[in-house]
Amino acid sequence: MNQGLLNSLTEAERLLVAETERDALKSLDEDELLELHQRIRRARTKYVKNYRRGASASVAKVGGRGLSYPKNQRDRDKAELFETVLARVSREVAAAARRSSMELRSERLEAARSAKSAAPAARAAAQPVAAAQSKSVAARQATKTTGGLKKDASTRAAGARRQAKRDAR
């Protein structure tokens, strides 16, 4: 990273960038990483916004976009720095999410294996109850609405009238 740019950061921004060093990121859990990601995203958005506003304001004064480009270098560099730092934290968030996903998956597989090795008598006793519950859940899941109960009832009634008309032929 550009040392001049790092020296131009405020103390809070410097600490924020320091929190994204490899050793500091390894000690954070997924929730802490997400909180850090949000703080960095806010800082990046701030400097992107400042850069865009400054650039658009200087176009009229200077006389063109090309001439106004070098005028707002500091905000542009800070936005780029925070974008780089954000990418670093995003990779760590993805890795932490992958790790927790694999842990949850292994827990679910272990629970399924332990349930599978349960006594067959206990499973046989639980099956009728589970079957009855799954039927009622399946019936509820199949219900679809298109915007309102009256509209659905009207659609069903129209279908019934159409079928009755065909049957009467």
# chains A, B, ... in the order shown; residues from 1 in each chain; ligands from 1
>>> select_by_dssp(residues="chain A", states="alpha helix (DSSP H)", output="ChimeraX atom specification")
/A:3-8,11-18,22-26,30-62,65-68,73-116,120-142,149-167
>>> residues_around(residues="Lys71 (chain A)", least_positions_apart="6", cutoff="10 Å", atoms="only C-alpha atoms", output="list in words")
Tyr51, Gly54, Ala55, Ser58, Val59 and Val62 of chain A
>>> write_last_selection(atoms="C-alpha atoms", output="compact mmCIF listing (two decimals), in the first residue's frame")
# COMPACT_ATOMS: atom_id res chain seq x y z
CA TYR A 51 -14.99 11.67 -4.89
CA GLY A 54 -16.15 16.63 -5.85
CA ALA A 55 -15.49 15.48 -9.39
CA SER A 58 -15.19 20.62 -10.40
CA VAL A 59 -16.22 19.76 -13.98
CA VAL A 62 -12.43 23.51 -14.68
>>> closest_residue(among="A:Ala97, A:Val48, A:Ile40, A:Ala157", to="Arg76 (chain A)", atoms="only C-alpha atoms")
A:Val48
>>> residues_around(residues="Leu9 (chain A)", least_positions_apart="3", cutoff="12 Å", atoms="only C-alpha atoms", output="ChimeraX atom specification")
/A:2-6,12-18,43,47,74-75,77-79,81-82
>>> atom_distance(atom1="CA of Leu25 (chain A)", atom2="CA of Ser8 (chain A)")
23.4 Å
>>> atom_distance(atom1="CA of Ser90 (chain A)", atom2="CA of Leu109 (chain A)")
28.3 Å
>>> atom_distance(atom1="CA of Lys26 (chain A)", atom2="CA of Met102 (chain A)")
17.6 Å
>>> closest_residue(among="A:Ala158, A:Leu86, A:Ala96, A:Ala153", to="Thr45 (chain A)", atoms="only C-alpha atoms")
A:Leu86
>>> closest_residue(among="A:Gln38, A:Ala160, A:Arg52, A:Ala168", to="Gln73 (chain A)", atoms="only C-alpha atoms")
A:Arg52
>>> closest_residue(among="A:Glu110, A:Leu104, A:Glu83, A:Val93", to="Glu32 (chain A)", atoms="only C-alpha atoms")
A:Val93
>>> closest_residue(among="A:Arg53, A:Arg169, A:Lys46, A:Arg22", to="Arg88 (chain A)", atoms="only C-alpha atoms")
A:Arg22
